[in-house]
Amino acid sequence: MDLHMNVAVVDAGANLKAFARMDGAWLGSIDIAIKNAKTARYFDMETGDAREMSQSGGSLYGIEHANDGLVTFPGGIPIKNSSGEAVGGVGASGSTVDDDHEVAEAGLSTLAPEAVAAD
């Protein structure tokens with residue numbers, strides 16, 4: 001993958017704990033990467049899973065306008081420990097939403113062994 005990405009990690013309280021911007025990554029994707037991570041933690045679900053629920057008639061209709069903007073497309077994944085407890089979120093942005101999701105998954109896999117992706 002020849003990508004230029006922004007990657008963010010938040011803790012259990014959705015506080016930014018780590019951020020990396022690759023040379024050449026879009027400046028506009030900085031905020032999206034952070035919001036991907038926060039949204040994943042706020043709702044303990046992959047951000048892409050919120051898409052259908054945030055559409056007209058969905059249980060979370062309009063949620064993307066809350067909390068200073070949430071993300072309802074792929075790129076954010078919650079982090080859970082081996083006990084299933086939510087401990088944070090990882091978010092990526094800088095390419096297509098499919099690439100963003102793949103990079104977030106790769107980021108998740110580099111975290112401590114006890115951290116696992118949400119079901």
# chains A, B, ... in the order shown; residues from 1 in each chain; ligands from 1
call {"tool": "select_by_dssp", "arguments": {"residues": "stretch 20-112 of chain A", "states": "helix (DSSP H, G or I)", "output": "PyMOL selection string"}}
result
chain A and resi 28-43+47-53+63-65+97-109
call {"tool": "residues_around", "arguments": {"residues": "A:Ala12", "least_positions_apart": "3", "cutoff": "9 Å", "atoms": "only C-alpha atoms", "output": "ChimeraX atom specification"}}
result
/A:15,41-42,79,86-89
call {"tool": "residues_around", "arguments": {"residues": "stretch 93-109 of chain A", "least_positions_apart": "6", "cutoff": "12 Å", "atoms": "only C-alpha atoms", "output": "PyMOL selection string"}}
result
chain A and resi 1-10+18-37+40+46-49+71-81+87+115-118
call {"tool": "select_by_dssp", "arguments": {"residues": "chain A", "states": "strand (DSSP E or B)", "output": "PyMOL selection string"}}
result
chain A and resi 6-11+16-21+76-80+86-93+116-117
call {"tool": "atom_distance", "arguments": {"atom1": "atom CA of A:Ala14", "atom2": "atom CA of A:Lys38"}}
result
5.3 Å
call {"tool": "closest_residue", "arguments": {"among": "A:Asn67, A:Ser82, A:Ser56, A:Thr110", "to": "A:Phe43", "atoms": "only C-alpha atoms"}}
result
A:Asn67
call {"tool": "atom_distance", "arguments": {"atom1": "atom CA of A:Gly62", "atom2": "atom CA of A:Asp11"}}
result
24.9 Å
